[in-house]
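To be precise, the following lines are model38.cif, and they hold mmCIF, C-alpha atoms.
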data_protein
loop_
_atom_site.label_atom_id
_atom_site.label_comp_id
_atom_site.auth_asym_id
_atom_site.auth_seq_id
_atom_site.Cartn_x
_atom_site.Cartn_y
_atom_site.Cartn_z
CA MET C 1 30.56 -44.69 18.74
CA SER C 2 31.95 -43.49 15.41
CA LEU C 3 31.27 -45.25 12.11
CA ARG C 4 34.98 -46.04 11.79
CA THR C 5 35.07 -47.74 15.21
CA ALA C 6 31.94 -49.73 14.39
CA SER C 7 33.48 -50.84 11.11
CA GLN C 8 36.69 -51.92 12.85
CA GLN C 9 34.68 -54.00 15.35
CA THR C 10 32.75 -55.59 12.51
CA VAL C 11 35.94 -56.60 10.72
CA ALA C 12 37.45 -57.87 13.97
CA ARG C 13 34.55 -60.29 14.35
CA HIS C 14 35.83 -62.21 11.36
CA GLY C 15 39.58 -61.99 11.63
CA TRP C 16 42.27 -64.68 11.62
CA VAL C 17 41.15 -66.29 14.88
CA GLN C 18 37.60 -66.76 13.62
CA ALA C 19 38.91 -68.08 10.29
CA LEU C 20 41.14 -70.59 12.09
CA ALA C 21 38.20 -71.74 14.22
CA ALA C 22 36.04 -72.28 11.12
CA VAL C 23 38.72 -74.28 9.30
CA LEU C 24 39.65 -76.40 12.30
CA ALA C 25 36.00 -77.15 13.09
CA ALA C 26 35.40 -78.35 9.53
CA LEU C 27 38.53 -80.50 9.42
CA ILE C 28 37.87 -82.04 12.84
CA ALA C 29 34.28 -82.87 11.90
CA MET C 30 35.42 -84.44 8.61
CA GLY C 31 38.17 -86.37 10.35
CA VAL C 32 35.80 -87.78 12.97
CA VAL C 33 33.23 -88.88 10.38
CA ALA C 34 35.95 -90.41 8.17
CA ALA C 35 37.59 -92.21 11.11
CA LEU C 36 34.31 -93.67 12.35
CA GLY C 37 33.34 -94.77 8.86
CA LEU C 38 36.69 -96.39 8.20
CA TRP C 39 36.59 -98.06 11.61
CA ALA C 40 33.20 -99.54 10.73
CA ALA C 41 34.64 -100.67 7.39
CA GLY C 42 37.47 -102.50 9.17
CA ALA C 43 40.32 -100.16 8.25
CA THR C 44 41.73 -100.23 11.77
CA ASP C 45 43.18 -103.65 10.92
CA LEU C 46 45.48 -102.18 8.28
CA PRO C 47 49.15 -102.95 8.99
CA GLN C 48 52.00 -100.58 9.78
CA GLY C 49 49.81 -98.11 11.67
CA ALA C 50 48.30 -96.89 8.43
CA PHE C 51 44.88 -95.96 9.82
CA PRO C 52 45.60 -92.24 10.46
CA ARG C 53 47.09 -91.89 6.96
CA VAL C 54 44.03 -93.52 5.41
CA VAL C 55 41.82 -91.11 7.35
CA ALA C 56 43.87 -88.21 6.02
CA ALA C 57 43.56 -89.58 2.47
CA THR C 58 39.80 -89.89 2.90
CA VAL C 59 39.51 -86.27 3.97
CA VAL C 60 41.68 -85.21 1.03
CA THR C 61 39.50 -87.03 -1.49
CA ALA C 62 36.37 -85.65 0.17
CA VAL C 63 37.32 -82.10 -0.84
CA GLY C 64 38.31 -82.98 -4.38
CA GLY C 65 41.93 -83.92 -3.75
CA THR C 66 43.71 -86.51 -5.86
CA ILE C 67 45.14 -89.73 -4.44
CA GLU C 68 47.55 -91.60 -6.68
CA LEU C 69 47.80 -95.38 -6.29
CA SER C 70 51.02 -97.19 -7.10
CA GLY C 71 51.94 -100.85 -7.39
CA ASP C 72 55.13 -102.87 -7.33
CA ALA C 73 55.38 -106.65 -7.62
CA GLY C 74 59.04 -107.40 -8.25
CA GLY C 75 61.19 -107.78 -11.35
CA LEU C 76 59.13 -110.36 -13.27
CA ALA C 77 55.72 -109.08 -12.24
CA SER C 78 53.72 -105.92 -12.46
CA SER C 79 50.73 -104.48 -10.68
CA SER C 80 48.42 -101.61 -11.41
CA ALA C 81 45.79 -99.83 -9.39
CA GLY C 82 43.46 -96.87 -9.63
CA LEU C 83 40.71 -95.36 -7.52
CA THR C 84 38.28 -92.51 -8.13
CA VAL C 85 35.54 -92.05 -5.56
CA ILE C 86 34.42 -89.18 -3.34
CA PRO C 87 33.22 -90.11 0.19
CA LEU C 88 30.31 -87.67 0.08
CA SER C 89 29.27 -88.17 3.71
CA VAL C 90 32.62 -86.67 4.72
CA THR C 91 32.28 -83.98 2.04
CA LEU C 92 28.80 -82.98 3.19
CA THR C 93 29.87 -82.81 6.83
CA GLY C 94 32.78 -80.51 6.04
CA ALA C 95 30.67 -78.31 3.77
CA LEU C 96 27.96 -77.79 6.41
CA VAL C 97 30.40 -77.02 9.22
CA LEU C 98 32.58 -74.73 7.11
CA ALA C 99 29.56 -72.87 5.71
CA ALA C 100 28.24 -72.32 9.23
CA GLY C 101 31.61 -70.95 10.35
CA PHE C 102 31.79 -68.68 7.32
CA LEU C 103 28.29 -67.26 7.77
CA ARG C 104 28.28 -66.87 11.55
CA PRO C 105 30.17 -63.53 11.74
CA LEU C 106 28.05 -62.11 8.90
CA ARG C 107 24.69 -62.51 10.60
CA HIS C 108 22.32 -59.62 11.28
CA ARG C 109 23.64 -57.49 8.44
CA ALA C 110 21.76 -56.48 5.31
CA VAL C 111 24.66 -55.50 3.05
CA THR C 112 28.42 -56.00 3.07
CA GLY C 113 31.16 -54.53 0.96
CA ALA C 114 32.89 -56.68 -1.62
CA PRO C 115 36.41 -55.96 -0.19
CA GLU C 116 35.32 -56.96 3.31
CA LEU C 117 33.66 -60.16 2.10
CA ALA C 118 36.66 -61.03 -0.07
CA GLY C 119 39.03 -60.43 2.84
CA TRP C 120 37.06 -62.72 5.13
CA ALA C 121 36.98 -65.46 2.48
CA ALA C 122 40.70 -64.98 1.77
CA ARG C 123 41.60 -65.56 5.43
CA ILE C 124 39.73 -68.83 5.41
CA ALA C 125 41.29 -69.80 2.05
CA VAL C 126 44.86 -69.23 3.26
CA LEU C 127 44.37 -71.35 6.38
CA TRP C 128 42.46 -73.96 4.39
CA LEU C 129 45.31 -74.37 1.90
CA LEU C 130 47.85 -74.70 4.70
CA ALA C 131 45.73 -77.39 6.35
CA LEU C 132 45.32 -79.24 3.03
CA LEU C 133 49.06 -79.08 2.48
CA GLY C 134 49.66 -80.80 5.81
CA LEU C 135 47.04 -83.46 5.07
CA ALA C 136 48.48 -84.03 1.59
CA PHE C 137 51.93 -84.82 2.92
CA GLY C 138 50.47 -87.05 5.63
CA ALA C 139 48.27 -89.09 3.29
CA ARG C 140 50.78 -91.59 1.91
CA GLN C 141 51.42 -95.25 2.69
CA THR C 142 52.61 -98.52 1.09
CA PHE C 143 51.14 -101.95 1.88
CA ALA C 144 52.47 -105.44 1.16
CA LEU C 145 49.81 -107.82 -0.16
CA SER C 146 49.74 -111.44 0.88
CA LEU C 147 49.46 -114.08 -1.83
CA GLY C 148 47.99 -116.50 0.65
CA ASN C 149 48.84 -120.19 0.72
CA GLY C 150 49.01 -122.90 -1.91
CA THR C 151 49.90 -122.69 -5.59
CA LEU C 152 49.63 -118.92 -5.82
CA SER C 153 52.12 -118.49 -2.98
CA ASP C 154 54.48 -121.01 -4.59
CA VAL C 155 54.38 -119.07 -7.88
CA GLY C 156 55.15 -115.89 -5.98
CA ASP C 157 58.16 -117.49 -4.29
CA LEU C 158 59.40 -118.92 -7.59
CA PHE C 159 59.34 -115.61 -9.45
CA ASP C 160 60.18 -113.43 -6.44
CA VAL C 161 56.76 -111.77 -6.56
CA SER C 162 56.03 -109.59 -3.56
CA PRO C 163 53.11 -107.38 -4.57
CA LYS C 164 52.80 -104.00 -2.94
CA VAL C 165 50.27 -101.25 -3.36
CA GLY C 166 50.51 -97.77 -1.99
CA PHE C 167 48.96 -94.35 -2.20
CA LYS C 168 50.15 -90.79 -2.08
CA THR C 169 48.64 -87.38 -2.69
CA ASP C 170 49.09 -85.34 -5.84
CA VAL C 171 49.82 -82.15 -3.93
CA PRO C 172 49.34 -79.50 -6.68
CA GLN C 173 46.03 -80.99 -7.85
CA THR C 174 44.86 -81.41 -4.28
CA LEU C 175 45.50 -77.75 -3.49
CA LEU C 176 43.84 -76.61 -6.72
CA PHE C 177 40.70 -78.72 -6.38
CA GLY C 178 40.58 -78.16 -2.64
CA LEU C 179 40.55 -74.41 -3.25
CA LEU C 180 37.80 -74.77 -5.88
CA TRP C 181 35.80 -76.89 -3.43
CA LEU C 182 36.18 -74.21 -0.78
CA ALA C 183 35.07 -71.49 -3.20
CA GLY C 184 32.02 -73.52 -4.15
CA VAL C 185 31.05 -74.05 -0.51
CA LEU C 186 31.41 -70.36 0.37
CA VAL C 187 29.49 -69.15 -2.68
CA LEU C 188 26.72 -71.68 -2.11
CA ALA C 189 26.53 -70.67 1.55
CA LEU C 190 25.95 -67.05 0.53
CA LEU C 191 23.32 -68.11 -2.00
CA VAL C 192 21.40 -70.38 0.35
CA SER C 193 21.29 -68.22 3.48
CA ARG C 194 18.59 -65.57 3.34
CA GLY C 195 20.22 -63.70 6.21
CA ALA C 196 23.73 -63.55 4.73
CA PRO C 197 24.68 -60.09 3.44
CA LEU C 198 25.64 -59.52 -0.17
CA PRO C 199 27.54 -56.69 -1.86
CA GLY C 200 25.17 -54.04 -3.17
CA ARG C 201 25.77 -54.91 -6.83
CA LEU C 202 24.60 -58.50 -6.27
CA LEU C 203 21.39 -57.74 -4.38
CA ARG C 204 19.32 -57.79 -7.57
CA PHE C 205 20.10 -61.49 -8.03
CA GLN C 206 19.01 -62.67 -4.60
CA GLU C 207 15.28 -62.79 -5.37
CA SER C 208 15.71 -65.25 -8.24
CA VAL C 209 18.78 -67.24 -7.17
CA ARG C 210 18.50 -67.63 -3.40
CA PRO C 211 15.10 -69.38 -3.23
CA ALA C 212 16.15 -71.89 -5.90
CA ALA C 213 19.52 -72.57 -4.26
CA TYR C 214 17.88 -73.04 -0.87
CA ALA C 215 15.30 -75.45 -2.32
CA MET C 216 17.95 -77.60 -3.99
CA VAL C 217 20.14 -77.82 -0.90
CA ALA C 218 17.07 -78.71 1.16
CA LEU C 219 16.15 -81.39 -1.38
CA LEU C 220 19.61 -82.97 -1.23
CA LEU C 221 19.66 -82.93 2.58
CA VAL C 222 16.19 -84.48 2.81
CA TYR C 223 17.30 -87.31 0.53
CA VAL C 224 20.34 -87.95 2.72
CA ALA C 225 18.20 -87.87 5.87
CA LEU C 226 15.77 -90.38 4.36
CA GLY C 227 18.69 -92.60 3.40
CA VAL C 228 20.07 -92.50 6.93
CA VAL C 229 16.68 -93.40 8.42
CA ILE C 230 16.21 -96.29 5.98
CA GLY C 231 19.76 -97.47 6.66
CA LEU C 232 19.25 -97.45 10.43
CA VAL C 233 15.93 -99.28 10.16
CA THR C 234 17.51 -101.87 7.86
CA ALA C 235 20.42 -102.34 10.25
CA ALA C 236 18.05 -102.79 13.18
CA THR C 237 15.78 -105.29 11.44
CA ARG C 238 18.08 -107.20 9.09
CA GLY C 239 21.47 -107.06 10.79
CA HIS C 240 24.81 -105.99 9.25
CA ALA C 241 24.79 -102.95 11.55
CA VAL C 242 28.52 -102.26 11.28
CA GLU C 243 28.55 -102.43 7.48
CA THR C 244 25.49 -100.17 7.30
CA LEU C 245 27.18 -97.68 9.62
CA ALA C 246 30.19 -97.61 7.31
CA VAL C 247 27.95 -96.78 4.34
CA ILE C 248 26.17 -94.03 6.29
CA LEU C 249 29.39 -92.42 7.49
CA LEU C 250 31.26 -92.66 4.19
CA GLY C 251 28.88 -92.86 1.27
CA MET C 252 25.23 -92.19 2.13
CA PRO C 253 24.95 -89.13 -0.18
CA ASN C 254 26.55 -91.21 -2.97
CA LEU C 255 23.71 -93.68 -2.65
CA ALA C 256 20.90 -91.23 -1.84
CA TRP C 257 21.65 -88.82 -4.68
CA LEU C 258 22.10 -91.71 -7.12
CA THR C 259 18.60 -92.78 -6.08
CA LEU C 260 17.33 -89.26 -6.79
CA THR C 261 18.58 -89.40 -10.37
CA LEU C 262 17.22 -92.92 -10.89
CA GLY C 263 13.79 -91.75 -9.76
CA LEU C 264 13.92 -89.03 -12.41
CA GLY C 265 14.48 -91.74 -15.02
CA ALA C 266 18.23 -91.26 -15.46
CA THR C 267 20.49 -94.07 -16.65
CA TRP C 268 23.88 -95.06 -15.27
CA HIS C 269 26.32 -97.58 -16.72
CA GLY C 270 28.62 -99.74 -14.66
CA ARG C 271 30.19 -103.04 -13.86
CA VAL C 272 31.38 -104.88 -10.77
CA GLN C 273 34.04 -107.54 -11.25
CA GLY C 274 36.27 -109.36 -8.80
CA PRO C 275 36.44 -108.77 -5.05
CA PHE C 276 35.15 -105.21 -5.24
CA GLY C 277 31.72 -104.27 -4.01
CA LEU C 278 29.53 -101.19 -4.07
CA PRO C 279 28.22 -99.45 -0.94
CA MET C 280 24.61 -99.93 -1.98
CA PRO C 281 21.71 -102.37 -1.67
CA HIS C 282 22.24 -105.90 -2.92
CA VAL C 283 19.89 -105.43 -5.88
CA LEU C 284 22.13 -102.74 -7.39
CA ASP C 285 25.23 -104.86 -6.96
CA GLU C 286 23.37 -107.77 -8.55
CA VAL C 287 22.43 -105.72 -11.61
CA LEU C 288 26.02 -104.53 -12.11
CA ARG C 289 27.85 -107.81 -11.43
CA THR C 290 27.72 -109.13 -15.00
CA LYS C 291 30.20 -110.09 -17.70
CA ASP C 292 29.53 -106.98 -19.76
CA VAL C 293 28.81 -103.34 -18.96
CA SER C 294 25.38 -103.11 -17.35
CA THR C 295 22.67 -100.49 -17.60
CA LEU C 296 21.29 -99.21 -14.33
CA ASN C 297 17.87 -97.54 -14.45
CA LEU C 298 14.31 -98.11 -13.28
CA SER C 299 13.63 -100.65 -16.00
CA THR C 300 16.60 -102.90 -15.26
CA LEU C 301 16.14 -102.61 -11.51
CA SER C 302 12.45 -103.50 -11.74
CA ASP C 303 13.42 -106.89 -13.19
CA TYR C 304 14.90 -107.70 -9.78
CA ASP C 305 12.56 -105.72 -7.52
CA SER C 306 9.36 -104.04 -8.74
CA ARG C 307 9.30 -101.75 -5.69
CA VAL C 308 11.88 -99.49 -7.34
CA TRP C 309 9.02 -97.76 -9.17
CA TRP C 310 8.18 -96.12 -5.84
CA LEU C 311 11.28 -94.00 -6.44
CA VAL C 312 9.25 -92.07 -9.03
CA VAL C 313 6.60 -91.30 -6.42
CA VAL C 314 9.20 -90.25 -3.86
CA ASP C 315 10.89 -87.97 -6.41
CA ALA C 316 7.56 -86.42 -7.41
CA VAL C 317 6.59 -85.65 -3.80
CA LEU C 318 9.98 -84.26 -2.77
CA LEU C 319 10.48 -82.22 -5.94
CA LEU C 320 7.02 -80.73 -5.56
CA GLY C 321 7.90 -79.90 -1.96
CA ALA C 322 11.14 -78.26 -3.06
CA ALA C 323 9.28 -76.24 -5.70
CA PHE C 324 6.74 -75.15 -3.09
CA VAL C 325 9.52 -73.99 -0.75
CA MET C 326 11.20 -72.11 -3.59
CA ALA C 327 7.99 -70.32 -4.54
CA ALA C 328 7.10 -69.56 -0.91
CA ARG C 329 10.48 -67.86 -0.40
CA SER C 330 10.22 -65.86 -3.63
CA PRO C 331 8.52 -62.49 -4.14
CA SER C 332 4.88 -62.93 -5.03
CA ARG C 333 5.30 -60.88 -8.20
CA THR C 334 7.24 -63.78 -9.67
CA ARG C 335 4.97 -65.60 -12.09
CA ALA C 336 4.43 -69.34 -12.16
CA TRP C 337 6.20 -69.81 -15.49
CA GLN C 338 9.22 -68.01 -14.07
CA HIS C 339 9.23 -70.38 -11.11
CA ALA C 340 9.11 -73.26 -13.55
CA LEU C 341 12.18 -71.94 -15.37
CA HIS C 342 14.05 -71.32 -12.10
CA MET C 343 13.23 -74.83 -10.89
CA ALA C 344 14.30 -76.40 -14.20
CA VAL C 345 17.66 -74.63 -14.22
CA ALA C 346 18.30 -75.33 -10.52
CA LEU C 347 17.40 -79.02 -10.80
CA ALA C 348 19.49 -79.45 -13.95
CA LEU C 349 22.53 -77.93 -12.19
CA THR C 350 21.89 -80.16 -9.17
CA VAL C 351 21.71 -83.32 -11.29
CA TRP C 352 24.84 -82.24 -13.17
CA MET C 353 26.64 -81.91 -9.84
CA ILE C 354 25.48 -85.40 -8.83
CA CYS C 355 26.73 -86.80 -12.13
CA LEU C 356 30.14 -85.22 -11.53
CA VAL C 357 30.66 -86.28 -7.91
CA GLY C 358 28.80 -89.60 -8.02
CA ARG C 359 31.14 -91.38 -10.43
CA ILE C 360 33.01 -94.40 -9.08
CA SER C 361 36.02 -96.11 -10.59
CA ALA C 362 38.38 -98.67 -9.07
CA HIS C 363 40.70 -101.32 -10.45
CA TYR C 364 43.59 -103.47 -9.33
CA GLY C 365 45.51 -106.12 -11.20
CA LEU C 366 48.57 -108.33 -10.77
CA SER C 367 50.34 -110.13 -13.60
CA VAL C 368 53.40 -112.40 -13.76
CA LEU C 369 55.21 -112.80 -17.10
CA GLY C 370 52.22 -111.18 -18.78
CA ILE C 371 49.68 -113.57 -17.24
CA GLY C 372 47.14 -111.49 -15.37
CA ASP C 373 44.69 -112.02 -12.52
CA LEU C 374 46.47 -114.90 -10.80
CA GLY C 375 43.95 -117.03 -9.02
CA GLY C 376 41.15 -114.51 -9.59
CA ARG C 377 41.70 -112.94 -6.15
CA LEU C 378 44.18 -110.22 -6.92
CA GLY C 379 42.39 -108.42 -9.71
CA GLY C 380 39.13 -106.59 -10.10
CA ASN C 381 37.35 -103.73 -11.75
CA LEU C 382 34.49 -101.48 -10.70
CA PHE C 383 33.00 -98.41 -12.29
CA LEU C 384 29.75 -96.46 -12.32
CA THR C 385 29.19 -93.54 -14.70
CA PRO C 386 26.06 -91.56 -15.64
CA GLN C 387 24.45 -90.92 -18.99
CA VAL C 388 24.71 -87.19 -18.45
CA TRP C 389 22.73 -85.55 -21.24
CA SER C 390 19.62 -87.66 -20.82
CA ALA C 391 19.75 -87.06 -17.06
CA LEU C 392 19.93 -83.30 -17.60
CA GLY C 393 17.05 -83.38 -20.06
CA LEU C 394 14.87 -85.30 -17.62
CA ALA C 395 15.83 -82.86 -14.85
CA VAL C 396 14.71 -79.91 -16.96
CA LEU C 397 11.38 -81.60 -17.71
CA TRP C 398 10.75 -82.50 -14.06
CA GLY C 399 11.79 -79.00 -13.01
CA LEU C 400 9.38 -77.28 -15.39
CA VAL C 401 6.41 -79.36 -14.25
CA THR C 402 7.06 -79.34 -10.50
CA GLY C 403 8.16 -75.69 -10.55
CA PHE C 404 4.87 -74.61 -12.14
CA LEU C 405 2.74 -76.75 -9.81
CA GLY C 406 4.71 -75.67 -6.76
CA ALA C 407 4.15 -72.01 -7.63
CA LEU C 408 0.40 -72.58 -7.81
CA LEU C 409 0.37 -74.39 -4.48
CA ALA C 410 2.38 -71.58 -2.84
CA ARG C 411 -0.12 -68.84 -3.67
CA PRO C 412 -1.74 -68.87 -0.19
CA VAL C 413 1.64 -68.41 1.53
CA ARG C 414 3.11 -65.76 -0.76
CA ARG C 415 5.69 -63.52 0.89
CA ARG C 416 4.28 -60.15 -0.06
CA GLY C 417 2.16 -58.30 -2.59
CA ALA C 418 -0.28 -59.77 -5.07
CA ALA C 419 -0.80 -63.41 -5.82
CA ILE C 420 1.61 -65.34 -8.00
CA GLY C 421 0.69 -64.80 -11.59
CA VAL C 422 0.53 -67.44 -14.27
#
Just give me the structure of the file as structure tokens.
Amino acid sequence: MSLRTASQQTVARHGWVQALAAVLAALIAMGVVAALGLWAAGATDLPQGAFPRVVAATVVTAVGGTIELSGDAGGLASSSAGLTVIPLSVTLTGALVLAAGFLRPLRHRAVTGAPELAGWAARIAVLWLLALLGLAFGARQTFALSLGNGTLSDVGDLFDVSPKVGFKTDVPQTLLFGLLWLAGVLVLALLVSRGAPLPGRLLRFQESVRPAAYAMVALLLVYVALGVVIGLVTAATRGHAVETLAVILLGMPNLAWLTLTLGLGATWHGRVQGPFGLPMPHVLDEVLRTKDVSTLNLSTLSDYDSRVWWLVVVDAVLLLGAAFVMAARSPSRTRAWQHALHMAVALALTVWMICLVGRISAHYGLSVLGIGDLGGRLGGNLFLTPQVWSALGLAVLWGLVTGFLGALLARPVRRRGAAIGV
């Protein structure tokens, strides 16, 4: 067989059909997880057959898309609404499936050319954007809100108040951020997989970048797995199984990765007001449900439950394990102080990512003749934001310490050559 024929067969293994299969598999997996999570959350009871559109909106937000909320309450009233949250369980599912589909045709190869790799990624990107475009146009709906019975209903009838809230997709922003999300997933897949081929010019980076990337992804997945196990045990022993299932299928990484940052000593600020709630343990909701903006960290949580200090122990063990894995997958000529630097940078980038995707913001309000929050039932506010710079500083400190110790522990299992130097 000639080299040209072999090359043509190689390219054929990742053509348009394979790209379509990868994109469809990711979207179907995300749709199933989103639908099951929304079913557990009670979204099937939404009127006007809105459930499929809400599923589509959930998938859109999971890949960085933008959903715009709108309100209308009649001539003498006004309503406002806003929502910013990423259902990271759906995001993680799509990322894992899409990364597997992207890497599968590239297995068993040491090196690939940049044009070939770019062409394979471009095929996936084109089909991905087309799929996002369809989801964006399908993710739109308007709901009429009931004012209930009694005085509030009488006021609504008097002033012709018929509050409505709806959502639609910001198509340009959805396509832009969806494409950036795809690029991030594909690049991270190449960095994490030891068996994925790289263009020749990038091979010199794989010894320093790939072990650290693999360790961080493993760390994040272990945290999610622990969260799922704890959630299932809690559901089995304390009830609320359906609600727990909704959290697992929609927001477990949101909660698990928040816990990771809290164990490092990071601080978040937030508030819960009105009918909103957070998909997290009761103690967190209790800390945040105050009149003023609350501080969420180990100190404030320990006032309600002293067991939160165990998060420090869990972080220490898992970070040391991640550092060990990173050092074990690195060349033995890499010195311990270099491992410490690699771990610090990788952990800081990971915490920065959590701070970006873990933010939550939601609000809704109704006012008549300038009088807001009628009856206290039709208004609320919820937000959760990190104190970024202190979190990054703590991540660097933890990374330096655990990276150095992990390198020392990995000496007996070095990959090749002499022992890891200090």
Tell me which of C:Pro211, C:Gly178, C:Gly113, C:Pro253 sits closest to C:Ser193, counting all atoms listed in the file.
-> C:Pro211
Using only C-alpha atoms, pick whichever of C:Leu20, C:Val233, C:Leu92, C:Leu409 has the shortest atom-to-atom distance to C:Ala323.
-> C:Leu409
May I have the protein, DNA and RNA residues with any atom at most 10 Å from the point (16.1, -89.3, -9.9), counting all atoms listed in the file, written as a list in words?
-> Ala256, Trp257, Leu258, Thr259, Leu260, Thr261, Leu262, Gly263, Leu264, Gly265, Ala266, Thr267, Asn297, Leu298, Leu311, Val312, Val314, Asp315, Ala316, Leu319, Val351, Ala391, Leu394, Ala395 and Trp398 of chain C
Can I get the selection written as an mmCIF file, keeping the file's coordinate frame, with C-alpha atoms?
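Final output, saved to part-v2.cif:
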data_model
loop_
_atom_site.group_PDB
_atom_site.id
_atom_site.type_symbol
_atom_site.label_atom_id
_atom_site.label_comp_id
_atom_site.auth_asym_id
_atom_site.auth_seq_id
_atom_site.Cartn_x
_atom_site.Cartn_y
_atom_site.Cartn_z
ATOM 1 C CA ALA C 256 20.900 -91.230 -1.840
ATOM 2 C CA TRP C 257 21.650 -88.820 -4.680
ATOM 3 C CA LEU C 258 22.100 -91.710 -7.120
ATOM 4 C CA THR C 259 18.600 -92.780 -6.080
ATOM 5 C CA LEU C 260 17.330 -89.260 -6.790
ATOM 6 C CA THR C 261 18.580 -89.400 -10.370
ATOM 7 C CA LEU C 262 17.220 -92.920 -10.890
ATOM 8 C CA GLY C 263 13.790 -91.750 -9.760
ATOM 9 C CA LEU C 264 13.920 -89.030 -12.410
ATOM 10 C CA GLY C 265 14.480 -91.740 -15.020
ATOM 11 C CA ALA C 266 18.230 -91.260 -15.460
ATOM 12 C CA THR C 267 20.490 -94.070 -16.650
ATOM 13 C CA ASN C 297 17.870 -97.540 -14.450
ATOM 14 C CA LEU C 298 14.310 -98.110 -13.280
ATOM 15 C CA LEU C 311 11.280 -94.000 -6.440
ATOM 16 C CA VAL C 312 9.250 -92.070 -9.030
ATOM 17 C CA VAL C 314 9.200 -90.250 -3.860
ATOM 18 C CA ASP C 315 10.890 -87.970 -6.410
ATOM 19 C CA ALA C 316 7.560 -86.420 -7.410
ATOM 20 C CA LEU C 319 10.480 -82.220 -5.940
ATOM 21 C CA VAL C 351 21.710 -83.320 -11.290
ATOM 22 C CA ALA C 391 19.750 -87.060 -17.060
ATOM 23 C CA LEU C 394 14.870 -85.300 -17.620
ATOM 24 C CA ALA C 395 15.830 -82.860 -14.850
ATOM 25 C CA TRP C 398 10.750 -82.500 -14.060
#
Distance of atom CA of C:Ala62 from atom CA of C:Leu384, expressed in Å to one decimal place |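 Separation between atom CA of C:Leu384 and atom CA of C:Ala62: 17.8 Å.
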Can you list, as a list of chain:residue names, the residues that the PyMOL selection byres ((chain C and resi 136) around 9) selects here?
->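 This file gives the following for the PyMOL selection byres ((chain C and resi 136) around 9): C:Ala56, C:Ala57, C:Val60, C:Gly65, C:Ile67, C:Ala131, C:Leu132, C:Leu133, C:Gly134, C:Leu135, C:Phe137, C:Gly138, C:Ala139, C:Arg140, C:Lys168, C:Thr169, C:Asp170, C:Val171, C:Thr174, C:Leu175.
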Please write the residues from the selection above to a file, keeping C-alpha atoms, as a PDB file, in the frame of the given file.
ATOM      1  CA  ALA C  56      43.870 -88.210   6.020  1.00  0.00           C
ATOM      2  CA  ALA C  57      43.560 -89.580   2.470  1.00  0.00           C
ATOM      3  CA  VAL C  60      41.680 -85.210   1.030  1.00  0.00           C
ATOM      4  CA  GLY C  65      41.930 -83.920  -3.750  1.00  0.00           C
ATOM      5  CA  ILE C  67      45.140 -89.730  -4.440  1.00  0.00           C
ATOM      6  CA  ALA C 131      45.730 -77.390   6.350  1.00  0.00           C
ATOM      7  CA  LEU C 132      45.320 -79.240   3.030  1.00  0.00           C
ATOM      8  CA  LEU C 133      49.060 -79.080   2.480  1.00  0.00           C
ATOM      9  CA  GLY C 134      49.660 -80.800   5.810  1.00  0.00           C
ATOM     10  CA  LEU C 135      47.040 -83.460   5.070  1.00  0.00           C
ATOM     11  CA  PHE C 137      51.930 -84.820   2.920  1.00  0.00           C
ATOM     12  CA  GLY C 138      50.470 -87.050   5.630  1.00  0.00           C
ATOM     13  CA  ALA C 139      48.270 -89.090   3.290  1.00  0.00           C
ATOM     14  CA  ARG C 140      50.780 -91.590   1.910  1.00  0.00           C
ATOM     15  CA  LYS C 168      50.150 -90.790  -2.080  1.00  0.00           C
ATOM     16  CA  THR C 169      48.640 -87.380  -2.690  1.00  0.00           C
ATOM     17  CA  ASP C 170      49.090 -85.340  -5.840  1.00  0.00           C
ATOM     18  CA  VAL C 171      49.820 -82.150  -3.930  1.00  0.00           C
ATOM     19  CA  THR C 174      44.860 -81.410  -4.280  1.00  0.00           C
ATOM     20  CA  LEU C 175      45.500 -77.750  -3.490  1.00  0.00           C
TER      21      LEU C 175
END
